[in-house]
Amino acid sequence: MDVSDLEGMVIGPAPLRLSQERIRSYVEATGDDPDRWVETAPPGLASAALFAVAPQLLSHPAIRAQGGAAVHGEQKFRWNAPLRAGEEWAARGEVGRVRHRRGVWFVDFALRLTGSGGEPVVEGDSSFLIAGGAPPARSGSEEPEPPPDHRADNQRAVPAGLPGEGEEIPALSKSASRADLIRYAAATTDWNPIHWDHQSAVGAGLPGVVVHGLACAAWMSQGVTRLVSGAAPLRRARFRFRRPLRPGVPAEVRGTRSQGLGFSMSLESEGRTLITATMEAAAD
């Protein structure tokens, strides 16, 4: 069996429940607003639904046989309801198209999180890149790891005024320590070793451990959610991952409001664009 044979593979349903404690841990790890997210979770915690099922794909023998780490290429989320604390959901994943190009496997994976009545709560589409004999992302020579608690400014996502169409949003400074990455992994169950084990990260062609892509995506979501109210402030988002971020390195969320409640966003660090995104906020 090779990776292409995984097309059509279904994982789940897997149960998911977000307790207030888990929400609080996620908010702390990502620097969100602790006063806002108590009874409901930030939209970014949809990553917990993804990683209720994705590890069974990413640890499959056909993928492990490739000898490389999986990295995110793109992620889409659609929110249909608030992520309320204590509710019982079921997560289901399905492998879509699988293709191979220049030593890298590209695997599409669809997510659906449903409530007790079968109603969709969150839907998502992931694109994973998996090395086949060579690292999918070579980003420089090995670097020493920073101290566990070292990070730059991690600005809280407190409420800010909604800019007019065509205007820039207020910039949001962000950074994560290695300890933050462990806290984030515990809250989401995203235990990909490139985010906590130095040798695994180096083996994947990275200079050392890197911040979870969906933790960075959470920061970008905060750039929009602090501008709007409601328990489900985002309708949809699409993230494209271009470069990884090392722990302790400063980054900045930037963006512009487009037509209506649309936003064009980016995560910048040291003069480079790491992630780009388009988002649509939900009307009150």
# chains A, B, ... in the order shown; residues from 1 in each chain; ligands from 1
>>> closest_atom_pairs(of="region 102-176 of chain A", to="region 66-83 of chain A", cutoff="6 Å", atoms="only C-alpha atoms", output="Markdown table")
| residue | atom | partner | partner_atom | distance |
| --- | --- | --- | --- | --- |
| A:Val121 | CA | A:Asn80 | CA | 5.0 |
| A:Val122 | CA | A:Trp79 | CA | 4.7 |
| A:Glu123 | CA | A:Arg78 | CA | 5.1 |
| A:Gly124 | CA | A:Phe77 | CA | 4.3 |
| A:Asp125 | CA | A:Lys76 | CA | 5.1 |
| A:Ser126 | CA | A:Gln75 | CA | 4.6 |
| A:Ser127 | CA | A:Glu74 | CA | 5.1 |
| A:Phe128 | CA | A:His72 | CA | 4.8 |
| A:Leu129 | CA | A:Val71 | CA | 5.3 |
| A:Ile130 | CA | A:Ala70 | CA | 4.6 |
| A:Ala131 | CA | A:Gly68 | CA | 4.8 |
| A:Gly132 | CA | A:Gln66 | CA | 4.8 |
>>> select_by_dssp(residues="region 126-251 of chain A", states="alpha helix (DSSP H)", output="PDB file with N, CA, C and O atoms, in the first residue's frame")
ATOM      1  N   ARG A 178       8.540  27.980  23.479  1.00  0.00           N
ATOM      2  CA  ARG A 178       8.458  26.529  23.377  1.00  0.00           C
ATOM      3  C   ARG A 178       7.443  25.972  24.366  1.00  0.00           C
ATOM      4  O   ARG A 178       6.725  25.006  24.069  1.00  0.00           O
ATOM      5  N   ALA A 179       7.337  26.577  25.534  1.00  0.00           N
ATOM      6  CA  ALA A 179       6.336  26.145  26.518  1.00  0.00           C
ATOM      7  C   ALA A 179       4.923  26.396  26.001  1.00  0.00           C
ATOM      8  O   ALA A 179       4.011  25.585  26.228  1.00  0.00           O
ATOM      9  N   ASP A 180       4.729  27.514  25.291  1.00  0.00           N
ATOM     10  CA  ASP A 180       3.424  27.793  24.686  1.00  0.00           C
ATOM     11  C   ASP A 180       3.040  26.696  23.698  1.00  0.00           C
ATOM     12  O   ASP A 180       1.861  26.330  23.586  1.00  0.00           O
ATOM     13  N   LEU A 181       4.021  26.185  22.962  1.00  0.00           N
ATOM     14  CA  LEU A 181       3.736  25.154  21.967  1.00  0.00           C
ATOM     15  C   LEU A 181       3.247  23.873  22.632  1.00  0.00           C
ATOM     16  O   LEU A 181       2.360  23.190  22.101  1.00  0.00           O
ATOM     17  N   ILE A 182       3.794  23.544  23.795  1.00  0.00           N
ATOM     18  CA  ILE A 182       3.316  22.371  24.525  1.00  0.00           C
ATOM     19  C   ILE A 182       1.901  22.609  25.036  1.00  0.00           C
ATOM     20  O   ILE A 182       1.035  21.727  24.969  1.00  0.00           O
ATOM     21  N   ARG A 183       1.654  23.812  25.560  1.00  0.00           N
ATOM     22  CA  ARG A 183       0.298  24.139  26.036  1.00  0.00           C
ATOM     23  C   ARG A 183      -0.701  24.082  24.885  1.00  0.00           C
ATOM     24  O   ARG A 183      -1.827  23.583  25.040  1.00  0.00           O
ATOM     25  N   TYR A 184      -0.300  24.602  23.725  1.00  0.00           N
ATOM     26  CA  TYR A 184      -1.183  24.566  22.559  1.00  0.00           C
ATOM     27  C   TYR A 184      -1.449  23.119  22.126  1.00  0.00           C
ATOM     28  O   TYR A 184      -2.597  22.741  21.833  1.00  0.00           O
ATOM     29  N   ALA A 185      -0.406  22.306  22.089  1.00  0.00           N
ATOM     30  CA  ALA A 185      -0.568  20.907  21.696  1.00  0.00           C
ATOM     31  C   ALA A 185      -1.515  20.176  22.635  1.00  0.00           C
ATOM     32  O   ALA A 185      -2.345  19.363  22.201  1.00  0.00           O
ATOM     33  N   ALA A 186      -1.418  20.451  23.929  1.00  0.00           N
ATOM     34  CA  ALA A 186      -2.290  19.801  24.903  1.00  0.00           C
ATOM     35  C   ALA A 186      -3.748  20.205  24.713  1.00  0.00           C
ATOM     36  O   ALA A 186      -4.661  19.385  24.877  1.00  0.00           O
ATOM     37  N   ALA A 187      -3.976  21.477  24.355  1.00  0.00           N
ATOM     38  CA  ALA A 187      -5.345  21.972  24.183  1.00  0.00           C
ATOM     39  C   ALA A 187      -5.989  21.466  22.904  1.00  0.00           C
ATOM     40  O   ALA A 187      -7.215  21.316  22.843  1.00  0.00           O
ATOM     41  N   THR A 188      -5.181  21.197  21.883  1.00  0.00           N
ATOM     42  CA  THR A 188      -5.725  20.817  20.575  1.00  0.00           C
ATOM     43  C   THR A 188      -5.463  19.366  20.209  1.00  0.00           C
ATOM     44  O   THR A 188      -6.047  18.870  19.244  1.00  0.00           O
ATOM     45  N   HIS A 198      13.236  18.568  18.845  1.00  0.00           N
ATOM     46  CA  HIS A 198      14.233  19.220  17.987  1.00  0.00           C
ATOM     47  C   HIS A 198      14.699  18.312  16.854  1.00  0.00           C
ATOM     48  O   HIS A 198      14.744  18.733  15.685  1.00  0.00           O
ATOM     49  N   GLN A 199      15.050  17.080  17.161  1.00  0.00           N
ATOM     50  CA  GLN A 199      15.590  16.201  16.140  1.00  0.00           C
ATOM     51  C   GLN A 199      14.552  15.855  15.070  1.00  0.00           C
ATOM     52  O   GLN A 199      14.890  15.727  13.886  1.00  0.00           O
ATOM     53  N   SER A 200      13.299  15.704  15.466  1.00  0.00           N
ATOM     54  CA  SER A 200      12.241  15.459  14.471  1.00  0.00           C
ATOM     55  C   SER A 200      12.105  16.647  13.528  1.00  0.00           C
ATOM     56  O   SER A 200      11.922  16.478  12.313  1.00  0.00           O
ATOM     57  N   ALA A 201      12.184  17.853  14.084  1.00  0.00           N
ATOM     58  CA  ALA A 201      12.077  19.053  13.260  1.00  0.00           C
ATOM     59  C   ALA A 201      13.259  19.163  12.293  1.00  0.00           C
ATOM     60  O   ALA A 201      13.080  19.452  11.101  1.00  0.00           O
ATOM     61  N   VAL A 202      14.463  18.913  12.793  1.00  0.00           N
ATOM     62  CA  VAL A 202      15.654  18.975  11.930  1.00  0.00           C
ATOM     63  C   VAL A 202      15.569  17.911  10.834  1.00  0.00           C
ATOM     64  O   VAL A 202      15.904  18.156   9.671  1.00  0.00           O
ATOM     65  N   GLY A 203      15.072  16.728  11.196  1.00  0.00           N
ATOM     66  CA  GLY A 203      14.919  15.671  10.207  1.00  0.00           C
ATOM     67  C   GLY A 203      13.915  16.010   9.124  1.00  0.00           C
ATOM     68  O   GLY A 203      13.969  15.460   8.017  1.00  0.00           O
ATOM     69  N   GLY A 213       1.243  25.591  12.702  1.00  0.00           N
ATOM     70  CA  GLY A 213       0.626  26.443  11.694  1.00  0.00           C
ATOM     71  C   GLY A 213      -0.738  26.949  12.118  1.00  0.00           C
ATOM     72  O   GLY A 213      -1.088  28.108  11.873  1.00  0.00           O
ATOM     73  N   LEU A 214      -1.521  26.090  12.792  1.00  0.00           N
ATOM     74  CA  LEU A 214      -2.849  26.511  13.202  1.00  0.00           C
ATOM     75  C   LEU A 214      -2.831  27.395  14.438  1.00  0.00           C
ATOM     76  O   LEU A 214      -3.817  28.084  14.716  1.00  0.00           O
ATOM     77  N   ALA A 215      -1.722  27.407  15.193  1.00  0.00           N
ATOM     78  CA  ALA A 215      -1.579  28.409  16.253  1.00  0.00           C
ATOM     79  C   ALA A 215      -1.364  29.779  15.616  1.00  0.00           C
ATOM     80  O   ALA A 215      -1.946  30.784  16.052  1.00  0.00           O
ATOM     81  N   CYS A 216      -0.542  29.819  14.568  1.00  0.00           N
ATOM     82  CA  CYS A 216      -0.362  31.078  13.827  1.00  0.00           C
ATOM     83  C   CYS A 216      -1.678  31.515  13.192  1.00  0.00           C
ATOM     84  O   CYS A 216      -2.016  32.706  13.181  1.00  0.00           O
ATOM     85  N   ALA A 217      -2.427  30.543  12.670  1.00  0.00           N
ATOM     86  CA  ALA A 217      -3.731  30.861  12.086  1.00  0.00           C
ATOM     87  C   ALA A 217      -4.677  31.419  13.138  1.00  0.00           C
ATOM     88  O   ALA A 217      -5.499  32.308  12.856  1.00  0.00           O
ATOM     89  N   ALA A 218      -4.577  30.914  14.376  1.00  0.00           N
ATOM     90  CA  ALA A 218      -5.405  31.438  15.469  1.00  0.00           C
ATOM     91  C   ALA A 218      -5.089  32.901  15.724  1.00  0.00           C
ATOM     92  O   ALA A 218      -5.989  33.715  15.964  1.00  0.00           O
ATOM     93  N   TRP A 219      -3.801  33.268  15.696  1.00  0.00           N
ATOM     94  CA  TRP A 219      -3.427  34.674  15.859  1.00  0.00           C
ATOM     95  C   TRP A 219      -4.075  35.531  14.775  1.00  0.00           C
ATOM     96  O   TRP A 219      -4.589  36.623  15.043  1.00  0.00           O
ATOM     97  N   MET A 220      -4.038  35.025  13.540  1.00  0.00           N
ATOM     98  CA  MET A 220      -4.613  35.792  12.431  1.00  0.00           C
ATOM     99  C   MET A 220      -6.118  35.927  12.592  1.00  0.00           C
ATOM    100  O   MET A 220      -6.694  36.978  12.297  1.00  0.00           O
ATOM    101  N   SER A 221      -6.760  34.872  13.083  1.00  0.00           N
ATOM    102  CA  SER A 221      -8.203  34.953  13.342  1.00  0.00           C
ATOM    103  C   SER A 221      -8.500  35.994  14.415  1.00  0.00           C
ATOM    104  O   SER A 221      -9.491  36.730  14.327  1.00  0.00           O
ATOM    105  N   GLN A 222      -7.643  36.072  15.435  1.00  0.00           N
ATOM    106  CA  GLN A 222      -7.816  37.068  16.485  1.00  0.00           C
ATOM    107  C   GLN A 222      -7.784  38.482  15.918  1.00  0.00           C
ATOM    108  O   GLN A 222      -8.470  39.386  16.429  1.00  0.00           O
ATOM    109  N   GLY A 223      -6.968  38.668  14.870  1.00  0.00           N
ATOM    110  CA  GLY A 223      -6.905  39.986  14.245  1.00  0.00           C
ATOM    111  C   GLY A 223      -8.264  40.464  13.767  1.00  0.00           C
ATOM    112  O   GLY A 223      -8.531  41.673  13.733  1.00  0.00           O
ATOM    113  N   VAL A 224      -9.156  39.498  13.421  1.00  0.00           N
ATOM    114  CA  VAL A 224     -10.507  39.834  12.946  1.00  0.00           C
ATOM    115  C   VAL A 224     -11.533  39.727  14.066  1.00  0.00           C
ATOM    116  O   VAL A 224     -12.393  40.597  14.220  1.00  0.00           O
ATOM    117  N   THR A 225     -11.468  38.657  14.880  1.00  0.00           N
ATOM    118  CA  THR A 225     -12.519  38.462  15.886  1.00  0.00           C
ATOM    119  C   THR A 225     -12.570  39.588  16.907  1.00  0.00           C
ATOM    120  O   THR A 225     -13.631  39.875  17.462  1.00  0.00           O
TER     121      THR A 225
END
>>> residues_around(residues="Glu21 (chain A)", least_positions_apart="2", cutoff="12 Å", atoms="only C-alpha atoms", output="PyMOL selection string")
chain A and resi 17-19+23-28+34+37-41+85-86+186-187
>>> atom_distance(atom1="CA of Ala283 (chain A)", atom2="CA of Ala231 (chain A)")
11.2 Å
>>> closest_residue(among="A:Pro42, A:Pro15, A:Ala157, A:Phe239", to="Ala91 (chain A)", atoms="only C-alpha atoms")
A:Pro15
>>> closest_residue(among="A:Val158, A:Gly230, A:Leu111, A:Val10", to="Pro43 (chain A)", atoms="only C-alpha atoms")
A:Gly230
>>> select_by_dssp(residues="region 203-242 of chain A", states="strand (DSSP E or B)", output="list in words")
Leu234, Arg235, Arg236, Ala237, Arg238, Phe239, Arg240 and Phe241 of chain A
>>> write_last_selection(atoms="N, CA, C and O atoms", output="PDB file, in the first residue's frame")
ATOM      1  N   LEU A 234     -16.703  34.441  13.148  1.00  0.00           N
ATOM      2  CA  LEU A 234     -16.195  34.172  11.804  1.00  0.00           C
ATOM      3  C   LEU A 234     -17.139  33.234  11.064  1.00  0.00           C
ATOM      4  O   LEU A 234     -17.684  32.289  11.637  1.00  0.00           O
ATOM      5  N   ARG A 235     -17.286  33.503   9.761  1.00  0.00           N
ATOM      6  CA  ARG A 235     -18.082  32.614   8.911  1.00  0.00           C
ATOM      7  C   ARG A 235     -17.180  31.624   8.179  1.00  0.00           C
ATOM      8  O   ARG A 235     -17.470  30.444   8.112  1.00  0.00           O
ATOM      9  N   ARG A 236     -16.089  32.123   7.611  1.00  0.00           N
ATOM     10  CA  ARG A 236     -15.169  31.241   6.903  1.00  0.00           C
ATOM     11  C   ARG A 236     -13.784  31.860   6.868  1.00  0.00           C
ATOM     12  O   ARG A 236     -13.616  33.082   7.035  1.00  0.00           O
ATOM     13  N   ALA A 237     -12.773  30.997   6.651  1.00  0.00           N
ATOM     14  CA  ALA A 237     -11.394  31.453   6.541  1.00  0.00           C
ATOM     15  C   ALA A 237     -10.609  30.465   5.688  1.00  0.00           C
ATOM     16  O   ALA A 237     -10.897  29.258   5.681  1.00  0.00           O
ATOM     17  N   ARG A 238      -9.607  31.007   4.996  1.00  0.00           N
ATOM     18  CA  ARG A 238      -8.706  30.176   4.188  1.00  0.00           C
ATOM     19  C   ARG A 238      -7.281  30.634   4.446  1.00  0.00           C
ATOM     20  O   ARG A 238      -6.953  31.812   4.242  1.00  0.00           O
ATOM     21  N   PHE A 239      -6.440  29.707   4.912  1.00  0.00           N
ATOM     22  CA  PHE A 239      -5.057  30.013   5.260  1.00  0.00           C
ATOM     23  C   PHE A 239      -4.117  29.285   4.294  1.00  0.00           C
ATOM     24  O   PHE A 239      -4.304  28.095   4.024  1.00  0.00           O
ATOM     25  N   ARG A 240      -3.105  30.005   3.834  1.00  0.00           N
ATOM     26  CA  ARG A 240      -2.070  29.402   2.995  1.00  0.00           C
ATOM     27  C   ARG A 240      -0.724  29.574   3.701  1.00  0.00           C
ATOM     28  O   ARG A 240      -0.291  30.704   3.945  1.00  0.00           O
ATOM     29  N   PHE A 241      -0.097  28.438   4.008  1.00  0.00           N
ATOM     30  CA  PHE A 241       1.123  28.431   4.800  1.00  0.00           C
ATOM     31  C   PHE A 241       2.335  28.459   3.872  1.00  0.00           C
ATOM     32  O   PHE A 241       2.516  27.566   3.040  1.00  0.00           O
TER      33      PHE A 241
END
>>> residues_around(residues="region 142-144 of chain A", least_positions_apart="3", cutoff="8 Å", atoms="only C-alpha atoms", output="list in words")
Val202, Leu206, Pro207 and Gly208 of chain A
>>> write_last_selection(atoms="C-alpha atoms", output="PDB file, in the first residue's frame")
ATOM      1  CA  VAL A 202      15.654  18.975  11.930  1.00  0.00           C
ATOM      2  CA  LEU A 206      13.652  22.669   9.612  1.00  0.00           C
ATOM      3  CA  PRO A 207      16.223  24.543  11.721  1.00  0.00           C
ATOM      4  CA  GLY A 208      14.478  23.369  14.896  1.00  0.00           C
TER       5      GLY A 208
END
>>> closest_residue(among="A:Glu168, A:Glu252, A:Asp284, A:Asp108", to="Met9 (chain A)", atoms="only C-alpha atoms")
A:Asp108
>>> closest_residue(among="A:Ala251, A:Ala160, A:Val211, A:Ala171", to="Asn192 (chain A)", atoms="only C-alpha atoms")
A:Val211
>>> atom_distance(atom1="CA of Glu165 (chain A)", atom2="CA of Asp35 (chain A)")
28.0 Å
>>> residues_around(residues="Arg243 (chain A)", least_positions_apart="5", cutoff="8 Å", atoms="only C-alpha atoms", output="NGL selection string")
:A and (273-275)
>>> write_last_selection(atoms="C-alpha atoms", output="mmCIF file, in the first residue's frame")
data_model
loop_
_atom_site.group_PDB
_atom_site.id
_atom_site.type_symbol
_atom_site.label_atom_id
_atom_site.label_comp_id
_atom_site.auth_asym_id
_atom_site.auth_seq_id
_atom_site.Cartn_x
_atom_site.Cartn_y
_atom_site.Cartn_z
ATOM 1 C CA THR A 273 5.338 36.830 4.813
ATOM 2 C CA LEU A 274 4.738 33.538 6.615
ATOM 3 C CA ILE A 275 1.007 32.966 6.065
#
>>> residues_around(residues="Pro13 (chain A)", least_positions_apart="5", cutoff="10 Å", atoms="only C-alpha atoms", output="list of chain:residue names")
A:Ala52, A:Val53, A:Trp89, A:Ala90, A:Ala91, A:Arg92, A:Gly93, A:Arg112, A:Leu113, A:Thr114
>>> write_last_selection(atoms="C-alpha atoms", output="compact mmCIF listing (two decimals), in the first residue's frame")
# COMPACT_ATOMS: atom_id res chain seq x y z
CA ALA A 52 -9.59 14.50 16.79
CA VAL A 53 -9.31 12.60 13.49
CA TRP A 89 -19.94 16.68 19.04
CA ALA A 90 -18.73 14.07 16.58
CA ALA A 91 -15.78 14.68 14.25
CA ARG A 92 -15.45 12.83 10.96
CA GLY A 93 -12.62 13.01 8.45
CA ARG A 112 -17.00 17.66 9.41
CA LEU A 113 -17.96 18.35 13.02
CA THR A 114 -21.61 17.70 13.83
>>> atom_distance(atom1="CA of Asp2 (chain A)", atom2="CA of Gly96 (chain A)")
14.7 Å
